[in-house]
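Read the structure below first, then the notes.
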Amino acid sequence: MAHHLELEGIIQRYGKHTVVNGVDFRVDAGSIACLLGPSGCGKTTLLRCIAGFEEIAAGEIRVEGRTVSRAGFRVPPEHRRIGMVFQDYALFPHLTVTENIGFGLRGTRAAERGTRVDELLATVGLGGQGGKYPHELSGGQQQRVALARALAPRPQLILLDEPFSNLDVDLRERLSHEVRDILKSQGITAVLVTHDQNEAFAMADEIGVMADGLIQQWDTPYNLYHRPANRFVADFVGQGVFLPGMVIDGHCVEVELGRLESKVPLECGQGCGTCGKGCGVEVLLRPDDIVHDDRSGLKAEVLHKAFRGADILYTLRLTSGAEVLSLVPSHHNHALGERIGIKLDVDHVVAFKTPTRAFPPRGVTPVAPVHFSQ
Amino acid sequence: MHEFDWSSIPGSLPFLWQGMLVSLKITGVAVVFGIVWGTVLAMARLSSIKPLAWLAAGYVNLFRAVPLVMVLLWFFLIVPQLLESLLGMPAGTDMRMSSAITGFALFEAAYYSEIIRAGIQSVSKGQMAAASALGMSYGQSMRLVVLPQAFRNMVPLLLTQGIILFQDTSLVYVSALADFFGAAYKVGDRDGRLVEMLLFAGAVYFVLCFVASQLVRHYQKKLKTA
C-alpha cells in the first residue's frame with residue numbers, strides 16, 4: 001500500500017527551544033496512526049505542522065507524494081485538503097449544525113451540498129438535528145458535528161487533536177470506537193494526537209510514543225505494551241513496576257519472586273555485548289503478570305488497594321520492601337496489611353540493563369532494551 | 001435658601017428640542033463614522049504590515065492621550081481657517097456643526113478601534129484555524145467567521161460608548177453651538193434661572209442615558225444566555 005503521509009527529519013523550534021527534534025514516520029493510506037505522549041512532548045506541534053499552521057525548521061512533509069512543507073516552504077492549510085478536528089471542536093457558534101457541516105462545501109451547488117450534509121448527519125447519528133446551534137448540543141454531539149464538518153469536503157487525510165479529552169469516560173470510549181468505524185468505513189487516513197493511552201489503543205492501528213520531541217517507539221498497540229523499546233515507553237504505556245533481576249543465562253533471569261524462563265535466547269540490544277550470567281537487569285512486571293494464588297508459598301503484604309469494579313488493583317510489598325502491582329478479580333477481597341499468596345505468570349519477559357544512574361529522568365536517551373521472547 | 005422657579009422651562013421647550021436634535025445629530029453621525037473609521041484602524045493595527053500597524057497605533061494613542069475638549073477646540077479654531085485658506089471658502093462660514101462632528105468622529109474612532117480590536121481578538125484563534133482547514137482564505141475566514149462573532153460580542157460596548165459620546169456632545173458649548181446643554185444654558189442665562197435649567201438639563205441627560213444603558217444591559221444579558 002502507498003504511504004499516504006510521510007514525515008522525514010522534522011525539526012521545529014520556538015526560539016531556542018527545540019520542540020520537535022528529528023521525527024520520521026510514515027502512515028499508509030487508510031491507516032489510523034496516533035501520536036501518544038505526555039503534554040509538552042511535541043505531539044500537537046507536529047500535528048499543526050502537518051496541517052500547515054506552522055512552518056518547519058528542517059525536514060520534509062509529504063502528502064500523497066507531494067511535498068507540502070519543508071524549511072522555508074509551506075503550502076497554507078486552506079490548500080492542503082486536510083480535515084482537522086480540534087480539541088475544543090472550534091465549531092462556528094453563529095452557524096447552525098447544517099451550516100457548520102456545509103461550511104467547507106462553499107462553491108459546490110446548493111442541492112449537492114444539502115445531500116452531502118444530510119448524508120453526514122446520518123453517518124454521525126445526528127439526523128434531524130441540522131437546524132440546531134452548537135450550544136444547543138451536548139459535548140458528544142458537538143464532537144460528532146466537528147467530525148462531520150471535517151469529513152464534508154472528502155479529505156484524504158484527517159487530523160484529530162485530542163478529540164475526546166473534553167468528554168466523560170464512558171462517552172469517550174464509545175465515541176472513539178464509533179469514530180474509528182466511521183473513518184475505516186470511508187477509508188480515510190488519520191493521525192490522532194492524545195495523551196490518553198486507552199484512547200490511542202481504541203482508535204489506532206499504530207502508535208508513535210513521543211517524548212522530548214522524539215518518537216521513542218513506533219509500533220502496534222500490542223507491541224508497545226508487551227515489547228516496549230525503552231524504559232520510557234515501558235513506564236508511560238500501561239502500569240507496572242521494575243524489579244531488579246539477575247541474568248542466569250541466555251534463557252533465564254531471576255528476580256525476587258523467582259526465575260523467569262524464556263525459550264528463545266536473549267536478544268541483546270545494541271551496545272551491550274556482555275549480557276550473560278551475572279548481568280544486572282531491571283525486569284518489567286505488569287499488574288497482570290502477578291497472579292493471586294492462595295496456595296502459593298510466595299506471600300506479599302497488601303499496601304494499597306484500588307477497587308475498580310470487575311477487579312482490584314493491589315499494591316503489594318515483597319519481603320525485600322520492593323513494591324509490585326497485581327490485578328486480581330474483585331471477589332478476592334483482602335484487607336490492607338493482609339499477606340496474600342501470589343505467583344508469577346509472565347508471558348513476555350521485558351528487561352532493561354540496570355541504568356548506571358538509579359533512575360534516568362523520563363525521556364532521556366533510552367537504555368538499550370534486552371528482550372526475552374516467550 | 002434658593003427659591004426654585006421652573007417657569008422658564010415650558011416656554012423654552014421648542015428651543016430645547018432644537019438643541020436636543022443637534023446633540024442627537026452629532027452623536028449619530030459621529031458614532032457611524034467613528035465605527036467605520038475605527039474598524040479601518042483596528043484592521044490596520046492587527047495587520048501584519050508593520051508600518052500600517054504603527055501608524056494606526058500612533059493615531060489611537062495620540063487621540064486617547066489628549067482631552068476631548070482640546071480636540072474640539074482644534075477643530076473649531078484651526079480647521080476652519082485651514083479650509084478657508086486651502087479651499088478659498090469665504091471667511092466666517094459657519095462650520096461649527098461640521099467641525100464638531102469631524103472632531104467627535106476622529107476622536108471617538110480611536111476608542112471604537114480599541115473596542116473593535118478587542119472584539120476581533122475575543123474570537124478564539126481556533127475559529128480562524130478551523131476556517132482555513134476547511135479551505136477558506138484569510139479574507140473569507142475574517143468575513144464569514146471572525147467578524148460576525150466579533151460584532152455580536154462587541155455590540156453592547158459599542159452602544160455604551162455611544163451613550164458616553166452623547167454625554168460628551170455637551171462639550172460643544174465651547175463653540176457656542178446650541179446643543180441641548182448649550183440651549184439650556186442660554187435659556188437659564190437669559191432668564192437668570194441657570195440653576196434650575198442646569199438641574200433640568202441634568203435630569204434629562206440622566207433619564208435618557210440611564211434608560212439607554214439599562215436597555216444595553218438587557219441586550220447583553222440576552223446575548224449571554226443565547
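Note on naming: chains are A, B, ... as they come in the C-alpha cells, residues start from 1 per chain, ligands start from 1 in the order shown.
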*Find the spatial neighbours of Ala178 (chain B), counting only C-alpha atoms, within a cut-off of 10 Å - ignore same-chain residues fewer than 5 positions away - and output them as a list of chain:residue names.*
B:Phe15, B:Leu16, B:Gln18, B:Gly19, B:Met20, B:Leu21, B:Val22, B:Ser23, B:Met97, B:Ser170, B:Val172, B:Tyr173, B:Ala183, B:Ala184, B:Tyr185, B:Lys186
*Kindly provide, as a PyMOL selection string, the residues of chain A having any atom no farther than 8 Å from an atom of chain B, counting only C-alpha atoms.*
chain A and resi 51+53+77-84+86+90-94+103-104+150+153
*Taking the DSSP assignment computed from this structure's backbone, write out as a PyMOL selection string all residues of region 14-248 of chain A that belong to alpha helix (DSSP H).*
chain A and resi 43-51+97-102+110-123+139-151+169-185+197-203+221-226+231-236
*Kindly indicate which residue among A:Val346, A:Trp218, A:Leu313, A:Gln239 lies nearest to Leu257 (chain A), using only C-alpha atoms for the distances.*
A:Val346
*Skip Val32 (chain B) itself and residues of its chain fewer than 2 positions away, then list as an MDAnalysis selection string all residues within 12 Å of it, counting only C-alpha atoms.*
chainID B and resid 25:30 34:39 101:102 104:106 108:109 112 158:159 161:162 165
*Go through B:Leu82, B:Gly119, B:Val174, B:Ser113 one by one, measure the shortest atom-to-atom distance of each to Ala56 (chain B) using only C-alpha atoms, and give the residue with the smallest value.*
B:Ser113
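Compared by their closest atoms to Thr169 (chain B), and using only C-alpha atoms, the residues B:Gly58, B:Gly103, B:Pro90, B:Pro51 rank with B:Gly103 nearest.
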_Residues within 7 Å of region 189-200 of chain B, only C-alpha atoms, excluding chain neighbours under 6 positions, as a PyMOL selection string_ = chain B and resi 4-6
*Quick one: residues within 7 Å of region 207-224 of chain B, only C-alpha atoms counted, chain neighbours fewer than 6 positions away excluded, as a PyMOL selection string?*
chain B and resi 156+159-160+163
Would you output that residue set with all heavy atoms, as a short mmCIF file (atom, residue, chain, number, x, y, z; two decimals), in the first residue's frame?
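Saved result, selection-v2.cif, follows:
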```cif
data_model
loop_
_atom_site.label_atom_id
_atom_site.label_comp_id
_atom_site.auth_asym_id
_atom_site.auth_seq_id
_atom_site.Cartn_x
_atom_site.Cartn_y
_atom_site.Cartn_z
N PRO B 156 -22.77 45.53 22.64
CA PRO B 156 -23.04 46.25 23.88
C PRO B 156 -22.01 47.34 24.18
O PRO B 156 -22.36 48.44 24.58
CB PRO B 156 -22.99 45.16 24.96
CG PRO B 156 -23.23 43.90 24.24
CD PRO B 156 -22.66 44.07 22.88
N LEU B 159 -22.49 50.31 21.90
CA LEU B 159 -23.64 51.11 22.33
C LEU B 159 -23.30 51.94 23.57
O LEU B 159 -23.64 53.12 23.65
CB LEU B 159 -24.84 50.20 22.61
CG LEU B 159 -25.46 49.55 21.37
CD1 LEU B 159 -26.56 48.58 21.78
CD2 LEU B 159 -26.03 50.61 20.43
N THR B 160 -22.60 51.31 24.51
CA THR B 160 -22.21 52.04 25.72
C THR B 160 -21.32 53.23 25.37
O THR B 160 -21.49 54.33 25.91
CB THR B 160 -21.45 51.10 26.68
OG1 THR B 160 -22.31 49.99 26.95
CG2 THR B 160 -21.10 51.80 27.97
N ILE B 163 -23.39 56.02 24.24
CA ILE B 163 -24.04 56.76 25.33
C ILE B 163 -23.06 57.78 25.91
O ILE B 163 -23.41 58.93 26.16
CB ILE B 163 -24.52 55.78 26.42
CG1 ILE B 163 -25.65 54.89 25.85
CG2 ILE B 163 -25.03 56.55 27.63
CD1 ILE B 163 -26.04 53.74 26.77
#
```
*Pick from B:Val69, B:Trp17, B:Glu3, B:Leu46: nearest to Val204 (chain B), with only C-alpha atoms counted?*
B:Trp17
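With only C-alpha atoms as the atoms that count, the minimum distance from Leu105 (chain A) to the choices A:Ala152, A:Ile207, A:Ala122, A:Val283 is reached by A:Ala152.
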*Can you tell me, as a ChimeraX atom specification, what residues are no more than 9 Å from Ala300 (chain A) when counting only C-alpha atoms, ignoring any on the same chain fewer than 4 positions away?*
/A:316-319,338-342
